[in-house]
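Structure file my_file25.cif (mmCIF, C-alpha atoms) is printed below.
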data_entry
loop_
_atom_site.label_atom_id
_atom_site.label_comp_id
_atom_site.auth_asym_id
_atom_site.auth_seq_id
_atom_site.Cartn_x
_atom_site.Cartn_y
_atom_site.Cartn_z
CA MET A 1 -94.06 178.01 9.86
CA ALA A 2 -92.49 174.54 10.09
CA SER A 3 -91.89 174.53 6.34
CA ARG A 4 -90.08 177.90 6.49
CA LYS A 5 -87.95 176.62 9.37
CA GLY A 6 -87.10 173.47 7.39
CA SER A 7 -86.21 175.55 4.37
CA GLY A 8 -83.85 177.76 6.39
CA LEU A 9 -82.17 174.70 7.92
CA MET A 10 -81.69 173.18 4.49
CA LEU A 11 -80.11 176.40 3.22
CA TRP A 12 -77.65 176.41 6.12
CA ARG A 13 -76.82 172.79 5.44
CA THR A 14 -76.23 173.66 1.78
CA VAL A 15 -73.91 176.50 2.74
CA LEU A 16 -72.00 174.24 5.14
CA LEU A 17 -71.68 171.56 2.47
CA ALA A 18 -70.54 174.20 -0.03
CA LEU A 19 -67.84 175.39 2.37
CA CYS A 20 -66.58 171.83 2.78
CA ALA A 21 -66.54 171.41 -1.00
CA ALA A 22 -64.73 174.76 -1.32
CA GLY A 23 -62.07 173.51 1.09
CA ILE A 24 -61.49 170.41 -1.01
CA ILE A 25 -61.39 172.40 -4.25
CA HIS A 26 -59.01 174.88 -2.63
CA ILE A 27 -56.57 172.10 -1.69
CA VAL A 28 -56.72 170.65 -5.20
CA MET A 29 -56.19 174.09 -6.76
CA VAL A 30 -53.18 174.85 -4.56
CA LEU A 31 -51.54 171.46 -5.10
CA ASN A 32 -52.12 171.68 -8.85
CA ALA A 33 -51.06 175.31 -9.27
CA PRO A 34 -47.54 174.52 -10.54
CA ASN A 35 -48.96 172.24 -13.23
CA THR A 36 -52.00 174.20 -14.33
CA SER A 37 -51.01 177.84 -14.23
CA ASN A 38 -49.82 179.58 -17.38
CA ARG A 39 -48.82 182.70 -15.42
CA GLY A 40 -45.50 181.40 -14.16
CA ALA A 41 -42.22 183.10 -15.02
CA PHE A 42 -41.05 180.24 -17.25
CA GLN A 43 -44.25 180.36 -19.31
CA ARG A 44 -43.95 184.14 -19.69
CA LEU A 45 -40.31 184.02 -20.79
CA ALA A 46 -40.80 181.03 -23.09
CA THR A 47 -42.82 183.16 -25.50
CA ALA A 48 -40.00 185.71 -25.88
CA TYR A 49 -36.70 183.83 -25.69
CA ALA A 50 -35.17 180.93 -27.60
CA VAL A 51 -34.14 177.89 -25.57
CA ASN A 52 -30.62 176.72 -24.72
CA ILE A 53 -29.02 180.13 -25.34
CA MET A 54 -27.85 182.57 -22.69
CA HIS A 55 -29.59 185.90 -23.12
CA VAL A 56 -28.12 188.95 -21.40
CA LEU A 57 -31.06 191.19 -20.60
CA PRO A 58 -30.74 194.95 -20.97
CA PRO A 59 -30.76 196.94 -17.70
CA ILE A 60 -34.08 196.52 -15.89
CA THR A 61 -36.25 199.62 -16.16
CA ALA A 62 -39.97 200.37 -16.16
CA GLN A 63 -39.99 199.89 -19.94
CA ASN A 64 -37.86 196.79 -19.91
CA GLN A 65 -39.00 194.32 -17.31
CA PRO A 66 -39.83 190.84 -18.59
CA LEU A 67 -41.04 189.58 -15.19
CA PRO A 68 -42.73 191.23 -12.21
CA PHE A 69 -40.59 192.39 -9.28
CA MET A 70 -37.28 192.17 -11.14
CA MET A 71 -34.49 194.03 -9.37
CA PRO A 72 -33.56 197.34 -11.01
CA GLY A 73 -30.01 197.42 -9.62
CA VAL A 74 -29.18 194.04 -11.10
CA ARG A 75 -28.18 192.82 -14.57
CA TYR A 76 -29.64 189.46 -15.55
CA ALA A 77 -28.56 186.72 -17.89
CA ILE A 78 -31.17 184.04 -18.47
CA CYS A 79 -31.31 180.74 -20.29
CA LEU A 80 -34.40 178.66 -20.77
CA PHE A 81 -33.02 175.16 -20.86
CA ASP A 82 -34.79 172.33 -22.62
CA MET A 83 -33.30 168.87 -22.19
CA THR A 84 -35.90 167.01 -24.20
CA ARG A 85 -33.16 165.80 -26.56
CA THR A 86 -29.77 166.22 -24.90
CA PRO A 87 -28.21 167.46 -21.66
CA VAL A 88 -27.28 171.13 -21.45
CA ASP A 89 -23.89 172.63 -20.60
CA VAL A 90 -23.76 175.77 -18.47
CA ALA A 91 -20.71 177.91 -17.72
CA ALA A 92 -20.31 181.31 -16.11
CA ILE A 93 -17.94 183.49 -14.19
CA LEU A 94 -19.04 184.82 -10.82
CA PRO A 95 -16.59 187.63 -10.02
CA ASP A 96 -17.65 188.24 -6.42
CA GLU A 97 -20.00 187.22 -3.64
CA THR A 98 -22.87 189.42 -4.84
CA TRP A 99 -23.31 187.40 -8.03
CA THR A 100 -25.49 184.31 -8.06
CA LEU A 101 -26.21 181.57 -10.54
CA ALA A 102 -29.55 179.90 -9.88
CA LEU A 103 -31.35 176.98 -11.51
CA TYR A 104 -35.14 176.80 -11.51
CA SER A 105 -37.62 174.23 -12.63
CA ALA A 106 -40.41 175.49 -14.88
CA SER A 107 -42.66 175.54 -11.81
CA GLY A 108 -40.37 178.02 -10.03
CA ASP A 109 -38.42 175.80 -7.65
CA ASN A 110 -34.93 177.16 -7.09
CA PHE A 111 -33.30 173.71 -6.81
CA TYR A 112 -29.73 174.94 -7.12
CA VAL A 113 -28.01 178.21 -6.35
CA GLN A 114 -24.35 179.09 -6.44
CA PRO A 115 -23.28 182.44 -5.01
CA GLY A 116 -19.94 183.90 -5.98
CA GLN A 117 -17.10 183.91 -3.48
CA ALA A 118 -15.67 186.81 -1.55
CA ASN A 119 -12.51 188.32 -3.03
CA ARG A 120 -12.20 185.53 -5.58
CA GLU A 121 -13.42 185.05 -9.12
CA ALA A 122 -15.20 181.73 -9.51
CA ASP A 123 -15.45 179.86 -12.79
CA ILE A 124 -18.57 177.73 -12.72
CA GLY A 125 -19.14 174.98 -15.26
CA PHE A 126 -21.45 171.97 -15.20
CA THR A 127 -23.77 169.80 -17.21
CA LEU A 128 -27.46 169.62 -16.45
CA VAL A 129 -28.58 165.99 -16.45
CA PRO A 130 -32.27 165.37 -17.15
CA PRO A 131 -34.56 163.03 -15.20
CA GLN A 132 -34.81 159.58 -16.76
CA PRO A 133 -38.14 158.12 -17.88
CA ASP A 134 -39.00 154.74 -16.44
CA LEU A 135 -39.57 151.59 -18.46
CA PHE A 136 -42.97 152.55 -19.80
CA GLY A 137 -42.34 156.24 -20.01
CA LEU A 138 -45.38 156.80 -17.85
CA PHE A 139 -43.56 158.23 -14.87
CA LYS A 140 -40.37 160.16 -14.54
CA ARG A 141 -37.80 159.67 -11.88
CA SER A 142 -34.59 161.50 -11.17
CA VAL A 143 -31.35 159.80 -12.05
CA PRO A 144 -29.36 158.68 -9.01
CA ASN A 145 -27.32 161.51 -7.55
CA SER A 146 -24.23 161.93 -9.60
CA THR A 147 -20.92 161.85 -7.79
CA ASP A 148 -19.44 164.00 -10.54
CA SER A 149 -19.49 167.55 -9.23
CA ARG A 150 -19.63 168.82 -12.79
CA LYS A 151 -23.05 167.22 -13.29
CA ILE A 152 -26.24 168.48 -11.74
CA ASN A 153 -29.29 166.26 -11.61
CA VAL A 154 -32.24 168.36 -12.61
CA PRO A 155 -35.76 167.42 -11.50
CA ALA A 156 -37.39 168.66 -14.72
CA ARG A 157 -36.48 168.67 -18.39
CA LYS A 158 -37.33 172.33 -18.76
CA GLY A 159 -36.37 175.23 -16.58
CA LEU A 160 -34.34 178.35 -16.21
CA VAL A 161 -30.77 179.39 -15.52
CA ILE A 162 -30.60 182.90 -14.07
CA ILE A 163 -27.40 184.78 -13.38
CA ARG A 164 -27.91 187.88 -11.25
CA ALA A 165 -25.20 190.51 -11.27
CA PRO A 166 -25.69 193.50 -8.99
CA ILE A 167 -24.31 196.66 -10.59
CA ARG A 168 -21.82 198.05 -8.10
CA GLY A 169 -21.83 201.49 -9.71
CA PRO A 170 -21.77 203.13 -13.16
CA ALA A 171 -18.05 202.43 -13.49
CA TYR A 172 -18.71 198.69 -13.31
CA ALA A 173 -21.63 198.61 -15.77
CA ASN A 174 -19.55 197.68 -18.85
CA GLU A 175 -17.46 195.11 -17.05
CA THR A 176 -20.59 193.51 -15.61
CA ALA A 177 -22.23 193.24 -19.04
CA LEU A 178 -19.06 191.80 -20.60
CA THR A 179 -18.73 189.17 -17.88
CA LEU A 180 -22.37 188.17 -18.33
CA GLU A 181 -21.89 187.87 -22.08
CA ARG A 182 -19.22 185.25 -21.51
CA ALA A 183 -21.73 182.95 -19.84
CA ILE A 184 -22.64 179.86 -21.81
CA CYS A 185 -25.79 177.76 -22.02
CA ARG A 186 -25.98 175.23 -24.85
CA ALA A 187 -27.37 171.83 -25.61
CA GLN A 188 -24.79 169.08 -26.06
CA PRO A 189 -24.44 167.76 -29.62
CA GLN A 190 -26.63 164.70 -30.24
CA MET B 191 -90.03 171.71 -3.92
CA ILE B 192 -88.22 172.02 -7.25
CA ILE B 193 -87.71 175.75 -6.73
CA ARG B 194 -86.17 175.07 -3.34
CA LEU B 195 -83.88 172.43 -4.81
CA VAL B 196 -82.74 174.74 -7.62
CA THR B 197 -82.18 177.57 -5.13
CA ASN B 198 -80.04 175.30 -2.97
CA LEU B 199 -78.05 174.13 -5.96
CA ILE B 200 -77.37 177.72 -7.03
CA VAL B 201 -76.36 178.66 -3.48
CA PHE B 202 -74.09 175.61 -3.32
CA ALA B 203 -72.38 176.45 -6.62
CA LEU B 204 -71.95 180.13 -5.79
CA VAL B 205 -70.62 179.58 -2.27
CA THR B 206 -68.30 176.80 -3.40
CA ALA B 207 -66.84 178.82 -6.28
CA ALA B 208 -66.51 182.07 -4.34
CA ALA B 209 -65.06 180.51 -1.19
CA SER B 210 -62.56 178.26 -2.95
CA MET B 211 -61.29 181.03 -5.22
CA ALA B 212 -61.11 183.63 -2.45
CA LEU B 213 -59.31 181.25 -0.09
CA THR B 214 -56.84 180.16 -2.76
CA TRP B 215 -56.15 183.74 -3.83
CA TYR B 216 -55.64 184.89 -0.25
CA MET B 217 -53.41 182.04 0.86
CA ALA B 218 -51.28 182.21 -2.30
CA SER B 219 -50.93 185.98 -2.52
CA ALA B 220 -51.04 187.37 1.02
CA GLY B 221 -49.94 184.22 2.82
CA SER B 222 -50.66 183.16 6.37
CA THR B 223 -48.69 182.68 9.56
CA LEU B 224 -47.93 179.16 8.33
CA THR B 225 -46.02 180.43 5.33
CA THR B 226 -44.93 183.99 6.08
CA GLU B 227 -43.30 186.03 8.80
CA ARG B 228 -44.25 189.61 9.56
CA PHE B 229 -41.97 192.30 10.91
CA GLY B 230 -44.09 195.43 11.22
CA PRO B 231 -45.09 196.34 7.66
CA TRP B 232 -42.65 193.86 6.12
CA VAL B 233 -43.74 190.39 5.10
CA THR B 234 -41.43 187.60 4.00
CA TRP B 235 -42.20 184.11 2.73
CA ASN B 236 -40.23 181.60 4.77
CA ALA B 237 -39.60 178.96 2.12
CA ILE B 238 -39.80 180.93 -1.10
CA GLY B 239 -37.80 179.53 -3.99
CA ARG B 240 -36.90 176.34 -2.15
CA SER B 241 -37.53 173.00 -3.77
CA ASP B 242 -38.92 171.72 -0.45
CA ALA B 243 -41.34 174.64 -0.18
CA ASP B 244 -44.91 174.05 0.96
CA PRO B 245 -47.71 174.02 -1.66
CA TYR B 246 -48.90 177.54 -0.73
CA THR B 247 -45.45 179.02 -1.27
CA ARG B 248 -45.15 177.20 -4.59
CA ALA B 249 -48.57 178.48 -5.64
CA HIS B 250 -47.48 181.98 -4.60
CA VAL B 251 -44.40 181.81 -6.81
CA ILE B 252 -46.41 180.62 -9.80
CA GLN B 253 -49.18 183.14 -9.23
CA SER B 254 -46.75 186.05 -8.89
CA GLY B 255 -44.86 185.09 -12.05
CA THR B 256 -41.51 185.59 -10.35
CA MET B 257 -38.34 183.52 -10.04
CA PRO B 258 -37.19 184.43 -6.53
CA LEU B 259 -33.87 183.41 -5.07
CA SER B 260 -34.10 180.66 -2.50
CA THR B 261 -34.26 181.67 1.15
CA SER B 262 -31.00 179.77 1.57
CA VAL B 263 -29.20 182.72 -0.05
CA ALA B 264 -31.61 185.66 0.12
CA ARG B 265 -34.52 187.10 2.06
CA ILE B 266 -37.17 189.09 0.24
CA TYR B 267 -39.33 191.45 2.31
CA ARG B 268 -42.42 193.11 0.90
CA ALA B 269 -44.34 196.04 2.36
CA ASP B 270 -47.77 197.05 1.06
CA VAL B 271 -48.49 199.25 4.08
CA ASP B 272 -46.72 201.76 6.30
CA ASP B 273 -45.96 201.33 10.01
CA GLU B 274 -49.55 202.31 10.84
CA GLY B 275 -50.98 199.68 8.52
CA ARG B 276 -52.19 202.18 5.89
CA PRO B 277 -51.70 201.17 2.23
CA LEU B 278 -48.76 202.82 0.50
CA ILE B 279 -50.17 205.17 -2.11
CA ALA B 280 -48.45 207.31 -4.70
CA SER B 281 -50.06 210.56 -3.59
CA CYS B 282 -48.52 210.33 -0.09
CA ASP B 283 -44.93 210.92 1.00
CA TYR B 284 -43.13 208.32 3.11
CA ALA B 285 -39.88 208.32 5.05
CA ILE B 286 -38.14 204.95 5.02
CA LYS B 287 -35.51 204.95 7.74
CA GLY B 288 -33.09 202.40 9.06
CA SER B 289 -29.65 200.92 8.87
CA GLY B 290 -30.54 198.19 6.39
CA PRO B 291 -30.00 194.45 6.66
CA ASP B 292 -26.59 193.13 7.60
CA ALA B 293 -26.13 191.37 4.27
CA VAL B 294 -23.62 190.96 1.49
CA TRP B 295 -25.76 193.29 -0.59
CA TRP B 296 -29.32 194.62 -0.48
CA LEU B 297 -31.76 196.49 -2.69
CA LEU B 298 -34.81 198.57 -1.81
CA ALA B 299 -37.12 199.12 -4.79
CA VAL B 300 -40.64 200.38 -5.39
CA TYR B 301 -43.24 198.78 -7.66
CA ASP B 302 -46.93 198.97 -8.41
CA THR B 303 -49.09 196.13 -7.12
CA THR B 304 -48.50 194.06 -10.28
CA GLY B 305 -44.74 194.20 -9.75
CA ARG B 306 -43.94 196.79 -12.42
CA LEU B 307 -41.34 199.42 -11.70
CA ILE B 308 -42.57 203.01 -11.51
CA ASP B 309 -41.74 204.96 -14.64
CA ASN B 310 -40.02 208.28 -13.88
CA ARG B 311 -37.81 210.83 -15.61
CA ALA B 312 -34.94 210.33 -13.19
CA ALA B 313 -34.88 206.61 -14.11
CA ARG B 314 -34.60 205.89 -10.39
CA PHE B 315 -36.25 202.68 -9.30
CA GLY B 316 -34.46 201.76 -6.10
CA PHE B 317 -31.40 202.04 -3.91
CA THR B 318 -28.79 199.44 -3.13
CA SER B 319 -26.56 199.05 -0.09
CA GLU B 320 -23.77 200.46 -2.23
CA ASP B 321 -25.36 203.54 -3.76
CA ILE B 322 -27.57 204.75 -0.91
CA LEU B 323 -26.51 207.92 0.91
CA ARG B 324 -25.98 207.35 4.62
CA GLY B 325 -25.67 209.64 7.58
CA PRO B 326 -22.60 209.75 9.85
CA ASP B 327 -24.19 207.11 12.09
CA GLY B 328 -24.57 204.71 9.18
CA THR B 329 -28.34 205.01 8.91
CA PHE B 330 -30.22 206.18 5.84
CA GLN B 331 -33.50 207.83 4.99
CA VAL B 332 -35.24 207.24 1.69
CA THR B 333 -38.12 209.53 0.76
CA LEU B 334 -40.80 207.88 -1.32
CA ALA B 335 -42.64 210.79 -2.91
CA ARG B 336 -44.18 211.96 -6.14
CA GLY B 337 -42.13 215.17 -6.42
CA THR B 338 -38.35 215.63 -6.31
CA ARG B 339 -36.70 215.48 -2.88
CA ALA B 340 -33.13 215.99 -1.74
CA GLY B 341 -31.10 212.94 -0.76
CA ASN B 342 -32.37 209.42 -1.35
CA TRP B 343 -35.51 210.23 -3.32
CA LEU B 344 -37.54 207.35 -4.70
CA PRO B 345 -40.23 208.55 -7.13
CA SER B 346 -43.67 207.11 -6.35
CA GLY B 347 -45.28 208.03 -9.68
CA ARG B 348 -48.62 209.56 -10.43
CA SER B 349 -51.27 207.43 -8.79
CA GLY B 350 -52.12 204.02 -7.42
CA GLN B 351 -50.98 201.72 -4.68
CA ARG B 352 -47.28 201.03 -4.19
CA VAL B 353 -45.22 198.10 -2.95
CA LEU B 354 -41.76 198.31 -1.41
CA VAL B 355 -39.50 195.29 -1.77
CA LEU B 356 -36.29 194.85 0.17
CA THR B 357 -34.03 192.05 -1.05
CA ALA B 358 -31.15 191.04 1.21
CA LEU B 359 -28.50 188.79 -0.28
CA GLN B 360 -26.91 186.36 2.19
CA PRO B 361 -28.22 188.08 5.34
CA ARG B 362 -26.03 187.44 8.36
CA TYR B 363 -28.56 187.27 11.18
CA ARG B 364 -29.58 183.74 10.27
CA GLY B 365 -27.87 181.16 12.41
CA ALA B 366 -26.10 183.85 14.42
CA SER B 367 -27.95 182.70 17.47
CA GLU B 368 -29.31 179.39 18.63
CA ALA B 369 -32.55 180.96 19.73
CA ARG B 370 -34.94 181.65 16.89
CA GLU B 371 -36.53 184.51 18.81
CA ASN B 372 -33.18 186.27 19.02
CA ASP B 373 -32.76 185.86 15.26
CA ARG B 374 -36.21 187.36 14.79
CA ALA B 375 -35.40 190.34 16.97
CA VAL B 376 -32.16 190.99 15.08
CA GLU B 377 -33.97 190.61 11.77
CA ALA B 378 -36.77 192.97 12.83
CA ALA B 379 -34.31 195.61 14.05
CA GLN B 380 -32.55 195.68 10.69
CA LEU B 381 -35.66 196.38 8.64
CA PRO B 382 -36.40 200.05 7.98
CA SER B 383 -39.46 201.84 9.32
CA ILE B 384 -41.99 203.31 6.90
CA THR B 385 -43.61 206.52 8.12
CA GLN B 386 -46.23 208.50 6.27
CA GLN B 387 -45.26 212.17 6.13
CA GLY B 388 -48.33 213.61 4.47
CA CYS B 389 -50.66 213.26 1.52
CA ARG B 390 -51.88 215.64 -1.15
#

What is this structure when it is put down as structure tokens?
Amino acid sequence: MASRKGSGLMLWRTVLLALCAAGIIHIVMVLNAPNTSNRGAFQRLATAYAVNIMHVLPPITAQNQPLPFMMPGVRYAICLFDMTRTPVDVAAILPDETWTLALYSASGDNFYVQPGQANREADIGFTLVPPQPDLFGLFKRSVPNSTDSRKINVPARKGLVIIRAPIRGPAYANETALTLERAICRAQPQ
Amino acid sequence: MIIRLVTNLIVFALVTAAASMALTWYMASAGSTLTTERFGPWVTWNAIGRSDADPYTRAHVIQSGTMPLSTSVARIYRADVDDEGRPLIASCDYAIKGSGPDAVWWLLAVYDTTGRLIDNRAARFGFTSEDILRGPDGTFQVTLARGTRAGNWLPSGRSGQRVLVLTALQPRYRGASEARENDRAVEAAQLPSITQQGCR
């Protein structure tokens, strides 16, 4: 009787210990998710698109949807930037306030977003500046904030530029595509 | 003694693995009150896309495979259930009614649970603030249904669970009031209701 009681107590202790361990593992898994997951949007797109080129995606439909939950009423232009060798220049036109140009790190952080302006066409142009390695190359740190508004300090060497252009009606479809095609994303010459 | 030890080790391993995976999956996919806000059937992640987002929100973004716009310029609301809390399923009809968010632009679209758009002959996947048909009072009704409907019909496809996503670009209720509760009330009032109309 006493042995059975002791055995039950030990089992409960094991379960309690397991729950504590699960909590610790959970925290580690969550904190590490951006570094360990291969399901992120950047990883998915990297297998299909060349880097440092702006790609204008065809209209989003059920058959053509590179990422989950993409917006069907929106045309996209994307560029996977890779600054392993040189900085990357980005330029685009945002014709109105519904357009956005957003920069993401490979782990999905939207660290910069520029919406268009109401009743005014906005020409956007800047250079993405990579984080600098420290003396031993063991750790990376961001370069000091640039005072040049045409330079954007990027927290990661790889990431995404996404231009979203809502289609304001069938009559605007061509114009929207043409404006997106004028967007630029290219690595600076070495 | 050895049998008891082995049993305890197996229990430990099973409970640890199951609990850690279930907790991580739940917190990163469904979210909690720490990371999300609920307005009836609509759920929105408070810090999605932001570089100062909490670890759960960052894990959610990675797990979902999306590149959402930051909450500084957009709010993304997701509904997996109707107003009564029942899952949205393709074989049921739903009326989605409201005036829509006061935003520069918005889009209401339907997906399956993996985020894929629903294939349909009409090639209709959603409605925007610009192409939706409104009544004289400015409100709209979208019918999410399998078969063709008059007006704003959103095809729900053949079978399976459905997800509605409402994306509001530069919503105007934020910062309109100093009291957060007032903002919440304005935000809640602008989100459409989702009413089940029948199933087949």

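Distances here use all atoms listed in the file; by that measure, the residue among A:Arg164, A:Arg120, A:Arg85, A:Arg75 closest to chain B is A:Arg164.
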
Between CA of Pro130 in chain A and CA of Arg157 in chain A, what is the distance in Å, rounded to a tenth?
5.5 Å

Residue with the minimum atom-to-atom distance to chain A, picked from B:Gln351, B:Gln360, B:Thr226, B:Ser346 with all atoms listed in the file counted, is B:Gln360

Show me, as a PyMOL selection string, the residues that have an atom within 12 Å of Ala173 in chain A when counting all atoms listed in the file, minus same-chain residues fewer than 5 positions from it.
chain A and resi 58-59+73-75+165-168+178-180

Against chain A, which residues of chain B fall within 8 Å? For each one I want the closest pair of atoms and the distance in Å (one decimal), counting only C-alpha atoms, rows by chain and increasing residue number, as CSV.
residue,atom,partner,partner_atom,distance
B:Arg194,CA,A:Ser7,CA,7.7
B:Asn198,CA,A:Leu11,CA,6.3
B:Leu199,CA,A:Thr14,CA,8.0
B:Val201,CA,A:Val15,CA,7.0
B:Phe202,CA,A:Ala18,CA,5.0
B:Ala203,CA,A:Ala18,CA,7.2
B:Val205,CA,A:Ala18,CA,5.8
B:Thr206,CA,A:Ala22,CA,4.6
B:Ala207,CA,A:Ala22,CA,6.7
B:Ala209,CA,A:Ala22,CA,5.8
B:Ser210,CA,A:Ala22,CA,4.4
B:Met211,CA,A:His26,CA,7.1
B:Leu213,CA,A:His26,CA,6.9
B:Thr214,CA,A:His26,CA,5.7
B:Ala218,CA,A:Val30,CA,7.9
B:Gly239,CA,A:Asn110,CA,4.8
B:Arg240,CA,A:Asn110,CA,5.4
B:Ser241,CA,A:Asp109,CA,4.9
B:Pro245,CA,A:Leu31,CA,5.7
B:Tyr246,CA,A:Val30,CA,6.3
B:Arg248,CA,A:Pro34,CA,6.9
B:Ala249,CA,A:Ala33,CA,5.4
B:Val251,CA,A:Gly108,CA,6.4
B:Ile252,CA,A:Gly40,CA,4.5
B:Gln253,CA,A:Arg39,CA,6.2
B:Ser254,CA,A:Gly40,CA,7.1
B:Gly255,CA,A:Gly40,CA,4.3
B:Thr256,CA,A:Ala41,CA,5.3
B:Met257,CA,A:Gly108,CA,5.9
B:Pro258,CA,A:Asn110,CA,7.6
B:Leu259,CA,A:Asn110,CA,6.7
B:Ser260,CA,A:Asn110,CA,5.8
B:Val263,CA,A:Pro115,CA,7.7
B:Val294,CA,A:Thr98,CA,6.6
B:Trp295,CA,A:Thr98,CA,6.4
B:Leu297,CA,A:Gly73,CA,7.2
B:Ala299,CA,A:Met71,CA,7.3
B:Tyr301,CA,A:Phe69,CA,7.1
B:Thr304,CA,A:Pro68,CA,6.7
B:Gly305,CA,A:Pro68,CA,4.3
B:Arg306,CA,A:Pro68,CA,5.7
B:Leu307,CA,A:Ala62,CA,4.8
B:Ile308,CA,A:Ala62,CA,5.9
B:Asp309,CA,A:Ala62,CA,5.1
B:Ala313,CA,A:Thr61,CA,7.4
B:Phe315,CA,A:Pro72,CA,6.2
B:Gly316,CA,A:Pro72,CA,6.7
B:Phe317,CA,A:Gly73,CA,7.5
B:Thr318,CA,A:Gly73,CA,6.9
B:Glu320,CA,A:Arg168,CA,6.6
B:Asp321,CA,A:Gly169,CA,7.2
B:Leu359,CA,A:Thr98,CA,7.3

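Take CA of Leu323 in chain B and CA of Ser289 in chain B: the distance between them is 11.1 Å.
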
Would you kindly return, as number ranges by chain, each protein, DNA or RNA residue with an atom no farther than 7 Å from any atom of Thr247 in chain B, considering only C-alpha atoms and excluding same-chain residues fewer than 5 positions away?
B: 218, 225, 237-238

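When all atoms listed in the file are used to measure the gap to Ala379 in chain B, the shortest distance among B:Arg268, B:Lys287, B:Arg311, B:Arg352 belongs to B:Lys287.
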
List the neighbours of range 353-358 of chain B out to 6 Å using all atoms listed in the file; skip same-chain residues closer than 2 positions along the sequence, and give me the result as a list in words.
Ala264, Arg265, Ile266, Tyr267, Arg268, Ala269, Asp270, Ala293, Trp296, Leu297, Leu298, Ala299, Val300, Tyr301, Asp302 and Pro361 of chain B

Give me, please, the distance in Å between CA of Ile93 in chain A and CA of Gly125 in chain A, quoted to one decimal.
8.7 Å

Considering all atoms listed in the file, return as a PyMOL selection string whatever protein or nucleic-acid residues lie within 10 Å of range 334-342 of chain B, sequence-local ones (same chain, fewer than 3 positions apart) excluded.
chain B and resi 278-286+300+310+312+314+316-317+321-324+330-331+345-349+352+354+384-390

Using C-alpha atoms, can you write the selected residues to a file as an mmCIF file, in the frame of the given file?
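Just written: again15.cif:
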data_model
loop_
_atom_site.group_PDB
_atom_site.id
_atom_site.type_symbol
_atom_site.label_atom_id
_atom_site.label_comp_id
_atom_site.auth_asym_id
_atom_site.auth_seq_id
_atom_site.Cartn_x
_atom_site.Cartn_y
_atom_site.Cartn_z
ATOM 1 C CA LEU B 278 -48.760 202.820 0.500
ATOM 2 C CA ILE B 279 -50.170 205.170 -2.110
ATOM 3 C CA ALA B 280 -48.450 207.310 -4.700
ATOM 4 C CA SER B 281 -50.060 210.560 -3.590
ATOM 5 C CA CYS B 282 -48.520 210.330 -0.090
ATOM 6 C CA ASP B 283 -44.930 210.920 1.000
ATOM 7 C CA TYR B 284 -43.130 208.320 3.110
ATOM 8 C CA ALA B 285 -39.880 208.320 5.050
ATOM 9 C CA ILE B 286 -38.140 204.950 5.020
ATOM 10 C CA VAL B 300 -40.640 200.380 -5.390
ATOM 11 C CA ASN B 310 -40.020 208.280 -13.880
ATOM 12 C CA ALA B 312 -34.940 210.330 -13.190
ATOM 13 C CA ARG B 314 -34.600 205.890 -10.390
ATOM 14 C CA GLY B 316 -34.460 201.760 -6.100
ATOM 15 C CA PHE B 317 -31.400 202.040 -3.910
ATOM 16 C CA ASP B 321 -25.360 203.540 -3.760
ATOM 17 C CA ILE B 322 -27.570 204.750 -0.910
ATOM 18 C CA LEU B 323 -26.510 207.920 0.910
ATOM 19 C CA ARG B 324 -25.980 207.350 4.620
ATOM 20 C CA PHE B 330 -30.220 206.180 5.840
ATOM 21 C CA GLN B 331 -33.500 207.830 4.990
ATOM 22 C CA PRO B 345 -40.230 208.550 -7.130
ATOM 23 C CA SER B 346 -43.670 207.110 -6.350
ATOM 24 C CA GLY B 347 -45.280 208.030 -9.680
ATOM 25 C CA ARG B 348 -48.620 209.560 -10.430
ATOM 26 C CA SER B 349 -51.270 207.430 -8.790
ATOM 27 C CA ARG B 352 -47.280 201.030 -4.190
ATOM 28 C CA LEU B 354 -41.760 198.310 -1.410
ATOM 29 C CA ILE B 384 -41.990 203.310 6.900
ATOM 30 C CA THR B 385 -43.610 206.520 8.120
ATOM 31 C CA GLN B 386 -46.230 208.500 6.270
ATOM 32 C CA GLN B 387 -45.260 212.170 6.130
ATOM 33 C CA GLY B 388 -48.330 213.610 4.470
ATOM 34 C CA CYS B 389 -50.660 213.260 1.520
ATOM 35 C CA ARG B 390 -51.880 215.640 -1.150
#

Mind filling out range 380-385 of chain B with N, CA and C atoms and sending it as an mmCIF file, in the frame of the given file?
data_model
loop_
_atom_site.group_PDB
_atom_site.id
_atom_site.type_symbol
_atom_site.label_atom_id
_atom_site.label_comp_id
_atom_site.auth_asym_id
_atom_site.auth_seq_id
_atom_site.Cartn_x
_atom_site.Cartn_y
_atom_site.Cartn_z
ATOM 1 N N GLN B 380 -33.285 195.247 11.882
ATOM 2 C CA GLN B 380 -32.550 195.680 10.690
ATOM 3 C C GLN B 380 -33.459 196.178 9.577
ATOM 4 N N LEU B 381 -34.744 195.945 9.702
ATOM 5 C CA LEU B 381 -35.660 196.380 8.640
ATOM 6 C C LEU B 381 -36.076 197.825 8.864
ATOM 7 N N PRO B 382 -36.115 198.613 7.804
ATOM 8 C CA PRO B 382 -36.400 200.050 7.980
ATOM 9 C C PRO B 382 -37.861 200.304 8.334
ATOM 10 N N SER B 383 -38.086 201.417 9.019
ATOM 11 C CA SER B 383 -39.460 201.840 9.320
ATOM 12 C C SER B 383 -40.018 202.599 8.116
ATOM 13 N N ILE B 384 -41.331 202.602 8.004
ATOM 14 C CA ILE B 384 -41.990 203.310 6.900
ATOM 15 C C ILE B 384 -43.019 204.255 7.524
ATOM 16 N N THR B 385 -42.737 205.547 7.471
ATOM 17 C CA THR B 385 -43.610 206.520 8.120
ATOM 18 C C THR B 385 -44.241 207.451 7.093
#
